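Below: run-v5.txt (compact mmCIF, C-alpha atoms)
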```
# COMPACT_ATOMS: atom_id res chain seq x y z
CA MET N 1 0.00 0.00 0.00
CA ILE N 2 1.25 3.48 -0.78
CA VAL N 3 0.00 6.93 0.17
CA MET N 4 1.05 10.10 -1.61
CA THR N 5 0.15 13.71 -0.95
CA LEU N 6 0.52 16.66 -3.29
CA GLU N 7 0.27 20.35 -2.48
CA ALA N 8 0.35 23.32 -4.87
CA VAL N 9 1.30 21.26 -7.92
CA PRO N 10 0.23 21.69 -11.56
CA PRO N 11 -3.31 20.27 -12.08
CA SER N 12 -2.15 17.89 -14.80
CA LEU N 13 0.17 16.18 -12.33
CA ARG N 14 -2.78 15.44 -10.05
CA GLY N 15 -4.65 13.99 -12.98
CA GLU N 16 -1.66 11.92 -13.95
CA LEU N 17 -1.36 10.46 -10.46
CA SER N 18 -5.06 9.58 -10.36
CA ARG N 19 -4.44 7.13 -13.17
CA TRP N 20 -2.66 4.87 -10.68
CA LEU N 21 -4.09 5.90 -7.30
CA ILE N 22 -7.42 6.88 -5.74
CA GLU N 23 -7.76 10.50 -4.67
CA VAL N 24 -9.49 10.14 -1.28
CA GLN N 25 -9.28 13.87 -0.55
CA PRO N 26 -7.89 16.73 -2.62
CA GLY N 27 -4.19 15.99 -2.86
CA VAL N 28 -4.24 12.68 -0.94
CA TYR N 29 -3.73 9.53 -3.02
CA VAL N 30 -3.93 5.90 -1.92
CA GLY N 31 -3.25 2.74 -3.84
CA ASN N 32 -1.40 -0.49 -4.20
CA THR N 33 1.50 -0.65 -6.60
CA THR N 34 4.65 -2.64 -7.10
CA ALA N 35 7.92 -1.27 -5.75
CA LEU N 36 9.02 -0.37 -9.26
CA VAL N 37 5.85 1.60 -10.07
CA ARG N 38 6.01 3.31 -6.65
CA ASP N 39 9.56 4.53 -7.36
CA LEU N 40 8.65 5.65 -10.89
CA LEU N 41 5.62 7.58 -9.58
CA TRP N 42 7.85 9.27 -7.00
CA ASP N 43 10.38 10.25 -9.66
CA LYS N 44 7.59 11.59 -11.89
CA VAL N 45 6.07 13.66 -9.08
CA VAL N 46 9.42 15.09 -7.95
CA GLN N 47 10.24 15.99 -11.54
CA HIS N 48 6.99 17.92 -12.14
CA VAL N 49 6.21 19.33 -8.70
CA ARG N 50 7.73 22.81 -9.49
CA THR N 51 7.21 25.00 -6.41
CA GLY N 52 4.78 22.58 -4.73
CA ARG N 53 5.32 19.87 -2.14
CA CYS N 54 4.86 16.13 -2.13
CA THR N 55 5.24 13.14 0.17
CA GLN N 56 5.17 9.40 -0.27
CA LEU N 57 4.64 6.68 2.33
CA TYR N 58 4.93 2.99 1.61
CA ARG N 59 5.10 -0.29 3.45
CA ALA N 60 8.60 -1.43 4.28
CA ALA N 61 10.11 -4.29 6.24
CA ASN N 62 11.52 -2.10 8.99
CA GLU N 63 10.48 -1.64 12.60
CA GLN N 64 7.98 1.12 11.84
CA GLY N 65 6.50 -0.95 9.03
CA PHE N 66 6.66 1.93 6.55
CA ALA N 67 9.08 4.39 4.98
CA ILE N 68 8.66 8.11 4.29
CA ARG N 69 9.78 10.34 1.42
CA LEU N 70 9.48 14.13 1.49
CA HIS N 71 10.14 16.70 -1.20
CA GLY N 72 9.68 20.41 -1.75
CA ASP N 73 9.16 21.85 1.73
CA PRO N 74 12.43 23.33 3.02
CA ARG N 75 11.02 23.56 6.56
CA ARG N 76 10.35 19.84 6.82
CA THR N 77 13.16 17.33 6.56
CA LEU N 78 13.44 13.65 7.26
CA VAL N 79 15.68 12.55 10.13
CA THR N 80 16.67 8.96 10.65
CA LEU N 81 17.54 8.19 14.28
CA ASP N 82 19.30 4.82 14.41
CA GLY N 83 16.98 3.58 11.67
CA PHE N 84 13.78 5.21 12.97
CA GLN N 85 12.32 7.81 10.61
CA LEU N 86 10.82 11.04 11.94
CA VAL N 87 9.93 14.37 10.32
CA ALA N 88 11.87 17.39 11.60
CA VAL N 89 10.04 20.74 11.32
CA ARG N 90 11.98 23.98 11.48
CA ASN N 91 9.52 26.28 13.20
CA THR N 92 9.93 29.43 15.29
CA ARG N 93 10.22 27.54 18.58
CA HIS N 94 12.99 25.44 17.07
CA ALA N 95 14.79 28.58 15.92
CA GLU N 96 14.48 30.03 19.45
CA LEU N 97 16.03 26.94 21.01
CA GLN N 98 18.54 26.18 18.30
CA GLY N 99 21.54 27.92 19.84
CA GLU N 100 20.85 26.27 23.15
CA TYR N 101 20.64 22.70 21.93
CA ASP N 102 23.13 22.51 19.10
CA PRO N 103 25.84 20.00 19.86
CA PRO N 104 29.04 21.68 21.06
CA GLU N 105 32.02 21.81 18.69
CA ASP N 106 33.61 18.40 18.70
CA ASP N 107 37.28 19.20 19.15
CA ASP N 108 38.63 15.88 20.30
CA LYS N 109 38.33 14.48 16.78
CA LEU N 110 40.84 17.02 15.42
CA MET W 1 -13.63 11.78 24.72
CA THR W 2 -16.30 14.44 25.33
CA THR W 3 -16.58 17.87 23.81
CA GLY W 4 -17.41 20.87 25.95
CA GLY W 5 -17.30 24.52 24.85
CA ASN W 6 -14.66 25.12 22.23
CA GLY W 7 -11.95 22.70 23.15
CA ILE W 8 -11.95 18.98 23.72
CA VAL W 9 -12.02 17.84 27.34
CA TRP W 10 -9.64 14.90 27.49
CA GLN W 11 -10.56 12.24 29.99
CA ARG W 12 -8.13 9.93 31.70
CA GLN W 13 -6.00 7.90 29.30
CA ASN W 14 -7.87 4.82 28.11
CA LEU W 15 -5.32 2.11 28.86
CA ARG W 16 -6.59 -0.03 25.99
CA GLU W 17 -5.35 2.59 23.54
CA LEU W 18 -1.77 1.99 24.60
CA PRO W 19 0.05 -0.74 22.75
CA LYS W 20 1.31 -3.44 25.07
CA PHE W 21 5.03 -3.35 25.72
CA ARG W 22 5.74 -6.24 23.40
CA ASP W 23 4.01 -4.56 20.46
CA GLY W 24 5.75 -1.22 20.85
CA THR W 25 8.71 0.12 18.96
CA THR W 26 11.97 -0.63 20.66
CA TYR W 27 13.76 2.59 21.48
CA LEU W 28 14.70 6.07 20.42
CA TYR W 29 17.98 7.70 21.36
CA LEU W 30 18.05 11.50 21.53
CA GLU W 31 20.86 13.88 22.44
CA HIS W 32 21.12 17.69 22.40
CA THR W 33 17.36 17.77 22.38
CA ARG W 34 14.76 19.52 24.48
CA LEU W 35 11.51 17.64 25.14
CA GLU W 36 8.33 19.64 25.65
CA GLN W 37 4.64 18.97 25.63
CA ASP W 38 2.58 20.95 23.15
CA GLY W 39 -1.10 20.39 22.70
CA ARG W 40 -1.41 16.71 23.50
CA GLY W 41 1.80 15.69 21.83
CA VAL W 42 5.36 15.32 22.97
CA ARG W 43 7.75 17.38 20.93
CA ALA W 44 11.49 17.04 20.75
CA TYR W 45 13.49 20.08 19.67
CA HIS W 46 16.32 18.33 17.88
CA PRO W 47 19.20 20.17 16.15
CA ASP W 48 17.53 19.27 12.81
CA GLY W 49 14.09 20.58 13.75
CA MET W 50 11.02 19.88 15.84
CA LEU W 51 10.18 16.17 15.99
CA THR W 52 6.78 14.93 17.11
CA LEU W 53 7.41 11.73 19.05
CA PRO W 54 4.99 8.80 18.76
CA ALA W 55 5.31 8.43 22.54
CA ALA W 56 2.47 5.97 23.08
CA SER W 57 4.03 3.32 20.86
CA LEU W 58 7.55 3.92 22.13
CA SER W 59 8.85 1.52 24.79
CA VAL W 60 11.85 3.44 25.93
CA LEU W 61 13.34 6.83 25.28
CA LEU W 62 17.09 7.01 25.83
CA LEU W 63 18.19 10.54 26.69
CA GLY W 64 21.83 11.27 25.93
CA PRO W 65 24.01 14.27 26.82
CA GLY W 66 22.62 17.74 26.22
CA SER W 67 19.01 16.65 26.56
CA SER W 68 16.48 18.24 28.86
CA VAL W 69 12.86 17.44 29.58
CA SER W 70 10.06 19.67 30.80
CA HIS W 71 7.82 18.54 33.65
CA GLU W 72 4.77 18.37 31.36
CA ALA W 73 6.67 16.20 28.87
CA VAL W 74 7.61 13.72 31.59
CA LYS W 75 3.97 13.61 32.67
CA ALA W 76 2.79 12.95 29.11
CA LEU W 77 5.44 10.26 28.59
CA SER W 78 4.61 8.55 31.87
CA ASP W 79 0.85 8.60 31.05
CA THR W 80 1.54 6.72 27.86
CA GLY W 81 3.87 4.23 29.52
CA CYS W 82 7.09 5.27 27.82
CA SER W 83 10.11 4.55 30.03
CA LEU W 84 12.76 7.23 30.29
CA LEU W 85 16.38 6.28 30.71
CA TRP W 86 19.18 8.79 31.09
CA VAL W 87 22.25 7.41 29.40
CA GLY W 88 25.78 8.43 28.51
CA GLU W 89 27.01 9.52 25.08
CA GLY W 90 25.99 7.06 22.36
CA GLY W 91 23.70 5.21 24.71
CA VAL W 92 26.62 3.74 26.62
CA ARG W 93 26.30 3.69 30.44
CA LEU W 94 23.03 4.12 32.22
CA TYR W 95 22.64 6.85 34.83
CA ALA W 96 19.03 6.92 35.93
CA SER W 97 15.57 5.78 34.97
CA GLY W 98 11.95 6.76 35.39
CA ILE W 99 9.16 4.37 36.33
CA GLY W 100 7.62 1.91 33.92
CA GLU W 101 4.15 1.07 32.76
CA THR W 102 2.77 -1.10 35.53
CA ARG W 103 1.17 0.34 38.65
CA SER W 104 0.58 -3.02 40.33
CA ALA W 105 3.07 -4.57 42.79
CA LEU W 106 1.84 -8.16 42.32
CA ARG W 107 4.69 -9.18 40.04
CA LEU W 108 7.30 -7.48 42.20
CA GLN W 109 6.03 -9.41 45.23
CA GLN W 110 6.22 -12.64 43.25
CA GLN W 111 9.80 -11.82 42.23
CA ALA W 112 10.74 -11.10 45.84
CA ARG W 113 9.20 -14.42 46.98
CA LEU W 114 11.17 -16.40 44.38
CA TRP W 115 14.32 -14.44 45.19
CA ALA W 116 14.17 -14.78 48.96
CA ASN W 117 13.94 -18.58 49.05
CA PRO W 118 17.24 -20.35 48.10
CA ASP W 119 15.38 -23.30 46.51
CA THR W 120 13.16 -21.23 44.24
CA ARG W 121 16.05 -18.89 43.47
CA LEU W 122 18.19 -21.81 42.30
CA ARG W 123 15.28 -23.01 40.15
CA VAL W 124 15.06 -19.62 38.42
CA VAL W 125 18.84 -19.54 37.93
CA ARG W 126 18.72 -22.97 36.27
CA GLN W 127 15.84 -21.84 34.05
CA MET W 128 17.80 -18.76 33.04
CA TYR W 129 20.83 -20.82 32.03
CA THR W 130 18.57 -23.29 30.22
CA LEU W 131 17.18 -20.44 28.09
CA ARG W 132 20.70 -19.71 26.84
CA PHE W 133 21.23 -23.28 25.57
CA PRO W 134 18.73 -24.10 22.80
CA GLN W 135 20.28 -27.61 22.59
CA ARG W 136 19.42 -28.06 26.30
CA LEU W 137 21.83 -28.82 29.15
CA PRO W 138 22.50 -32.34 30.46
CA GLU W 139 20.39 -33.22 33.49
CA GLY W 140 21.69 -33.02 37.04
CA LEU W 141 24.53 -30.53 36.61
CA THR W 142 25.73 -28.53 39.60
CA LEU W 143 25.68 -24.76 39.37
CA ALA W 144 29.48 -24.70 39.01
CA GLN W 145 29.27 -27.11 36.06
CA ILE W 146 26.56 -25.00 34.42
CA ARG W 147 28.79 -21.93 34.73
CA GLY W 148 31.56 -23.93 33.07
CA HIS W 149 29.29 -24.83 30.12
CA GLU W 150 28.28 -21.17 29.87
CA GLY W 151 31.92 -20.01 29.78
CA ALA W 152 32.67 -22.45 26.97
CA ARG W 153 29.58 -21.32 25.05
CA VAL W 154 30.65 -17.66 25.25
CA ARG W 155 34.25 -18.44 24.23
CA ASP W 156 33.09 -20.50 21.25
CA ALA W 157 30.68 -17.77 20.13
CA TYR W 158 33.44 -15.13 20.13
CA ALA W 159 35.79 -17.45 18.23
CA ARG W 160 33.10 -18.30 15.67
CA TYR W 161 32.15 -14.69 14.90
CA SER W 162 35.80 -13.61 14.92
CA GLN W 163 36.54 -16.18 12.22
CA ALA W 164 33.38 -15.47 10.23
CA HIS W 165 34.05 -11.72 9.98
CA GLY W 166 37.84 -11.72 10.03
CA VAL W 167 37.97 -9.51 13.12
CA ARG W 168 40.83 -10.32 15.48
CA TRP W 169 39.55 -11.25 18.91
CA GLU W 170 41.75 -11.17 21.98
CA GLN W 171 39.73 -10.37 25.04
CA ARG W 172 36.79 -8.36 26.22
CA GLN W 173 37.89 -4.95 27.49
CA TYR W 174 35.62 -2.34 28.92
CA LYS W 175 37.34 0.62 30.53
CA GLN W 176 34.98 3.51 31.03
CA SER W 177 37.91 5.86 31.72
CA ASP W 178 39.73 4.84 28.55
CA TRP W 179 36.92 4.53 26.00
CA THR W 180 38.70 6.03 22.98
CA ARG W 181 41.62 3.62 23.20
CA ALA W 182 39.54 0.45 23.21
CA THR W 183 39.75 -1.72 20.08
CA PRO W 184 36.89 -1.19 17.55
CA ILE W 185 35.33 -4.57 18.29
CA ASN W 186 35.33 -3.82 22.01
CA LYS W 187 33.69 -0.45 21.36
CA ALA W 188 31.09 -2.08 19.12
CA LEU W 189 30.32 -4.70 21.78
CA SER W 190 30.00 -2.07 24.51
CA ALA W 191 27.66 0.08 22.43
CA GLY W 192 25.55 -2.96 21.53
CA ASN W 193 25.44 -4.26 25.09
CA ALA W 194 24.31 -0.84 26.32
CA CYS W 195 21.31 -1.03 23.95
CA VAL W 196 20.39 -4.47 25.28
CA TYR W 197 20.79 -3.27 28.88
CA GLY W 198 18.52 -0.31 28.17
CA LEU W 199 15.93 -2.54 26.56
CA ALA W 200 16.13 -5.16 29.34
CA HIS W 201 15.78 -2.39 31.92
CA ALA W 202 12.73 -1.01 30.12
CA ALA W 203 11.23 -4.51 29.80
CA ILE W 204 11.67 -5.14 33.53
CA LEU W 205 10.16 -1.80 34.53
CA ALA W 206 7.36 -2.04 32.00
CA THR W 207 6.30 -5.50 33.17
CA GLY W 208 6.43 -4.45 36.82
CA TYR W 209 9.50 -6.22 38.23
CA SER W 210 12.47 -4.80 40.13
CA PRO W 211 15.80 -4.29 38.36
CA ALA W 212 17.65 -4.78 41.67
CA LEU W 213 16.56 -8.30 42.66
CA GLY W 214 18.84 -10.33 40.43
CA PHE W 215 18.95 -14.12 40.52
CA ILE W 216 22.33 -14.91 38.90
CA HIS W 217 23.84 -11.48 39.44
CA THR W 218 23.59 -10.04 42.89
CA GLY W 219 24.39 -6.97 44.92
CA LYS W 220 23.90 -4.22 42.32
CA MET W 221 20.87 -2.02 41.75
CA LEU W 222 20.71 -3.38 38.19
CA SER W 223 21.47 -7.03 38.94
CA PHE W 224 18.26 -8.28 37.35
CA VAL W 225 18.93 -6.15 34.25
CA TYR W 226 22.25 -7.99 33.81
CA ASP W 227 20.47 -11.32 34.31
CA ILE W 228 17.95 -10.59 31.57
CA ALA W 229 20.39 -8.92 29.15
CA ASP W 230 22.73 -11.93 29.41
CA LEU W 231 19.99 -14.17 28.06
CA TYR W 232 20.18 -12.43 24.68
CA LYS W 233 23.58 -10.74 24.43
CA ILE W 234 25.40 -13.46 22.46
CA GLU W 235 22.57 -13.96 20.00
CA VAL W 236 21.71 -10.28 19.58
CA VAL W 237 24.88 -8.22 19.95
CA LEU W 238 27.73 -10.41 18.67
CA PRO W 239 26.65 -10.82 15.02
CA ILE W 240 26.06 -7.08 14.58
CA ALA W 241 29.12 -5.94 16.57
CA PHE W 242 31.50 -8.20 14.64
CA ARG W 243 29.86 -7.37 11.29
CA GLU W 244 30.19 -3.62 11.84
CA ALA W 245 33.67 -3.80 13.40
CA ALA W 246 34.86 -5.59 10.25
CA ILE W 247 33.98 -2.48 8.19
CA PRO W 248 36.49 0.35 8.61
CA GLY W 249 35.22 3.90 9.10
CA ASP W 250 33.85 6.33 11.67
CA ASP W 251 30.51 6.15 13.32
CA LEU W 252 30.96 2.59 14.58
CA GLU W 253 28.71 2.96 17.61
CA ARG W 254 25.89 4.50 15.56
CA ARG W 255 26.19 1.78 12.91
CA VAL W 256 25.97 -0.87 15.63
CA ARG W 257 22.82 0.71 17.06
CA THR W 258 21.20 0.97 13.61
CA GLY W 259 22.07 -2.63 12.78
CA LEU W 260 20.79 -3.79 16.15
CA ARG W 261 17.39 -2.20 15.61
CA ASP W 262 16.74 -4.29 12.49
CA HIS W 263 18.20 -7.38 14.09
CA MET W 264 16.10 -7.00 17.23
CA THR W 265 12.97 -6.50 15.13
CA ASN W 266 13.70 -9.70 13.22
CA LEU W 267 14.26 -11.60 16.47
CA ARG W 268 11.05 -10.09 17.94
CA LEU W 269 13.14 -9.29 20.98
CA LEU W 270 10.66 -7.13 22.89
CA GLU W 271 7.96 -9.77 22.65
CA ARG W 272 10.39 -12.47 23.74
CA MET W 273 11.72 -10.43 26.65
CA ALA W 274 8.25 -9.89 28.06
CA ALA W 275 7.32 -13.54 27.55
CA ASP W 276 10.59 -14.83 29.08
CA LEU W 277 10.20 -12.57 32.12
CA HIS W 278 6.73 -13.95 32.77
CA HIS W 279 7.91 -17.48 32.11
CA LEU W 280 10.80 -17.14 34.58
CA LEU W 281 8.87 -15.43 37.33
CA GLY W 282 5.43 -16.85 36.72
CA GLY W 283 3.67 -13.50 36.56
CA ASP W 284 1.50 -14.04 33.53
CA HIS W 285 -1.72 -12.73 35.03
CA GLU W 286 -3.70 -9.63 34.13
CA ASP W 287 -3.10 -6.36 35.95
CA PRO W 288 -5.86 -5.34 38.35
CA GLU W 289 -7.74 -2.08 37.72
CA PRO W 290 -5.00 0.56 38.21
CA THR W 291 -7.15 3.08 40.09
CA ALA W 292 -8.60 0.60 42.62
CA PRO W 293 -7.20 1.00 46.15
CA GLY W 294 -4.59 -1.53 47.28
CA ASP W 295 -5.32 -4.34 49.73
CA LEU W 296 -4.16 -4.54 53.36
CA TRP W 297 -1.84 -7.36 54.38
CA ASP W 298 -3.01 -9.91 56.92
CA PRO W 299 -1.34 -13.19 57.99
CA GLY W 300 -4.54 -14.99 57.01
CA GLY W 301 -4.61 -13.46 53.50
CA ASP W 302 -5.03 -9.96 52.07
CA VAL W 303 -7.96 -7.89 53.28
CA GLN W 304 -9.77 -5.39 51.06
CA GLY W 305 -8.37 -1.87 51.40
CA GLY W 306 -10.03 1.50 50.86
CA ILE W 307 -12.85 0.80 53.32
CA ASN W 308 -13.24 1.57 57.02
CA HIS W 309 -12.59 -1.53 59.13
CA ALA W 310 -13.89 0.11 62.37
```
I'd like the structure from this file rewritten - as structure tokens, please.
Amino acid sequence: MIVMTLEAVPPSLRGELSRWLIEVQPGVYVGNTTALVRDLLWDKVVQHVRTGRCTQLYRAANEQGFAIRLHGDPRRTLVTLDGFQLVAVRNTRHAELQGEYDPPEDDDKL
Amino acid sequence: MTTGGNGIVWQRQNLRELPKFRDGTTYLYLEHTRLEQDGRGVRAYHPDGMLTLPAASLSVLLLGPGSSVSHEAVKALSDTGCSLLWVGEGGVRLYASGIGETRSALRLQQQARLWANPDTRLRVVRQMYTLRFPQRLPEGLTLAQIRGHEGARVRDAYARYSQAHGVRWEQRQYKQSDWTRATPINKALSAGNACVYGLAHAAILATGYSPALGFIHTGKMLSFVYDIADLYKIEVVLPIAFREAAIPGDDLERRVRTGLRDHMTNLRLLERMAADLHHLLGGDHEDPEPTAPGDLWDPGGDVQGGINHA
């Protein structure tokens, strides 16, 4: 099973995606594809997304049971903590705390 | 859940919503991170950005150096049964822990009963050693003979993995004061063992036993943690530690932790830990209603508490 979301993308891209997946809500697509098709759909979306944003979630044989892909939103990045995937959001509270919680300069590796 | 006015009034946590310990995700290690509660969620301000933690499905949160937690975040984590462990850099060394998921003392009392009687204690010790030998031990061995078999098993395992991965193996060294000078394989083993200790500690707390009342190990506050971790160390840590130590490069400890996560998922380690604990200590009964008042002890059997006996 895969889930994809699209935001602020050209309308033709949404139409293109609906050929493979069901649009359960504007911009939210669900379906069942092979791993190859899933990767090709992701490449297609990333290629045509322009200034918009997209995500893809799919079943994977890891502890969480799924994997995440993000593209197009500079404020949201994917972090992998020892193999566990989480989404890191750079918001104002994070900016406030950033100086405080950045790791100190590692000088014993020099 | 009921709605009143504008906002939602959240009632006490429905315990059925929480995944049981064995179904949860293993662990998350965070450092240089501030944990806060916002709305109903637990947020971690990580150097890379704000992370929303799936706290209810998380068994144990390992907090490394540079982390801090707000009071509200601890409350939210404890409500959802996520154990907190404060650990050293890279998850090595354990400093302190919060309380686990169980509010009942029934299993702890059972553990203390088994521990206090030399006969039952010996029985549990034998069971623990038996778990380490899938091919089963010969009948009627003395404890000293069992320890001999165990020593040979450990030595053989190190020799086997050393040969399989081409990593030279001399001896196990663990000097906390001299961490950087340890050989890569020793570092990898220490980092891996620390993960298993953390997980064993969380399993013990989450199922309601005491980490101090060890059966094989004795005299330390974490004796029972060492007992439980030793059941799995060879099977869980050695393959990953030797595999990663055979690959040159930085980041050895992190690679070991990442490899361990997949390996532990494949072995269904959390599920097995909980099952083995109950098997060893015979505590496989349901928890009583957590808010009900406790009973009063009486030589003739417990008497109902929370009522006036005048």
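The nearest approach to Thr55 (chain N) among the residues N:Leu81, N:Val89, N:Met1, N:Val28, with only C-alpha atoms taken into account, belongs to N:Val28.
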How close does each residue of chain N get to chain W, giving the shortest atom pair and distance in Å to one decimal for every residue with an atom at most 9 Å away, counting all atoms listed in the file, sorted by chain and residue number, as JSON lines?
```
{"residue": "N:Asn62", "atom": "CA", "partner": "W:Asp262", "partner_atom": "CA", "distance": 6.7}
{"residue": "N:Glu63", "atom": "CA", "partner": "W:Thr265", "partner_atom": "CA", "distance": 6.0}
{"residue": "N:Gln64", "atom": "CA", "partner": "W:Thr25", "partner_atom": "CA", "distance": 7.2}
{"residue": "N:Arg75", "atom": "CA", "partner": "W:Gly49", "partner_atom": "CA", "distance": 8.4}
{"residue": "N:Arg76", "atom": "CA", "partner": "W:Gly49", "partner_atom": "CA", "distance": 7.9}
{"residue": "N:Thr77", "atom": "CA", "partner": "W:Asp48", "partner_atom": "CA", "distance": 7.9}
{"residue": "N:Leu78", "atom": "CA", "partner": "W:Asp48", "partner_atom": "CA", "distance": 8.9}
{"residue": "N:Val79", "atom": "CA", "partner": "W:Asp48", "partner_atom": "CA", "distance": 7.5}
{"residue": "N:Leu81", "atom": "CA", "partner": "W:Leu28", "partner_atom": "CA", "distance": 7.1}
{"residue": "N:Asp82", "atom": "CA", "partner": "W:Thr258", "partner_atom": "CA", "distance": 4.4}
{"residue": "N:Gly83", "atom": "CA", "partner": "W:Thr258", "partner_atom": "CA", "distance": 5.3}
{"residue": "N:Phe84", "atom": "CA", "partner": "W:Leu28", "partner_atom": "CA", "distance": 7.6}
{"residue": "N:Leu86", "atom": "CA", "partner": "W:Leu51", "partner_atom": "CA", "distance": 6.6}
{"residue": "N:Val87", "atom": "CA", "partner": "W:Leu51", "partner_atom": "CA", "distance": 6.0}
{"residue": "N:Ala88", "atom": "CA", "partner": "W:Gly49", "partner_atom": "CA", "distance": 4.4}
{"residue": "N:Val89", "atom": "CA", "partner": "W:Met50", "partner_atom": "CA", "distance": 4.7}
{"residue": "N:Arg90", "atom": "CA", "partner": "W:Gly49", "partner_atom": "CA", "distance": 4.6}
{"residue": "N:Asn91", "atom": "CA", "partner": "W:Met50", "partner_atom": "CA", "distance": 7.1}
{"residue": "N:Arg93", "atom": "CA", "partner": "W:Met50", "partner_atom": "CA", "distance": 8.2}
{"residue": "N:His94", "atom": "CA", "partner": "W:Tyr45", "partner_atom": "CA", "distance": 6.0}
{"residue": "N:Ala95", "atom": "CA", "partner": "W:Gly49", "partner_atom": "CA", "distance": 8.3}
{"residue": "N:Leu97", "atom": "CA", "partner": "W:Tyr45", "partner_atom": "CA", "distance": 7.4}
{"residue": "N:Gln98", "atom": "CA", "partner": "W:Pro47", "partner_atom": "CA", "distance": 6.4}
{"residue": "N:Gly99", "atom": "CA", "partner": "W:Pro47", "partner_atom": "CA", "distance": 8.9}
{"residue": "N:Glu100", "atom": "CA", "partner": "W:His32", "partner_atom": "CA", "distance": 8.6}
{"residue": "N:Tyr101", "atom": "CA", "partner": "W:His32", "partner_atom": "CA", "distance": 5.1}
{"residue": "N:Asp102", "atom": "CA", "partner": "W:Pro47", "partner_atom": "CA", "distance": 5.4}
{"residue": "N:Pro103", "atom": "CA", "partner": "W:His32", "partner_atom": "CA", "distance": 5.8}
{"residue": "N:Pro104", "atom": "CA", "partner": "W:His32", "partner_atom": "CA", "distance": 9.0}
```
*Do you have the CA of Leu252 (chain W)-CA of Ala191 (chain W) distance handy?*
8.9 Å
As a CSV table (one decimal) with C-alpha atoms, keeping the file's coordinate frame, please: the residues near Leu231 (chain W) (cut-off 12 Å, only C-alpha atoms, same-chain neighbours under 5 positions excluded).
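This is the output file around.csv:
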```csv
chain,number,residue,atom,x,y,z
W,125,VAL,CA,18.8,-19.5,37.9
W,127,GLN,CA,15.8,-21.8,34.0
W,128,MET,CA,17.8,-18.8,33.0
W,129,TYR,CA,20.8,-20.8,32.0
W,130,THR,CA,18.6,-23.3,30.2
W,131,LEU,CA,17.2,-20.4,28.1
W,132,ARG,CA,20.7,-19.7,26.8
W,133,PHE,CA,21.2,-23.3,25.6
W,134,PRO,CA,18.7,-24.1,22.8
W,150,GLU,CA,28.3,-21.2,29.9
W,154,VAL,CA,30.6,-17.7,25.2
W,193,ASN,CA,25.4,-4.3,25.1
W,196,VAL,CA,20.4,-4.5,25.3
W,197,TYR,CA,20.8,-3.3,28.9
W,200,ALA,CA,16.1,-5.2,29.3
W,216,ILE,CA,22.3,-14.9,38.9
W,224,PHE,CA,18.3,-8.3,37.4
W,225,VAL,CA,18.9,-6.2,34.2
W,226,TYR,CA,22.2,-8.0,33.8
W,236,VAL,CA,21.7,-10.3,19.6
W,237,VAL,CA,24.9,-8.2,20.0
W,269,LEU,CA,13.1,-9.3,21.0
W,272,ARG,CA,10.4,-12.5,23.7
W,273,MET,CA,11.7,-10.4,26.6
W,276,ASP,CA,10.6,-14.8,29.1
W,277,LEU,CA,10.2,-12.6,32.1
W,280,LEU,CA,10.8,-17.1,34.6
```
_Nearest to Thr5 (chain N), chosen from N:Ala61, N:Cys54, N:Leu40, N:Val30, with all atoms listed in the file counted in the distances_ = N:Cys54
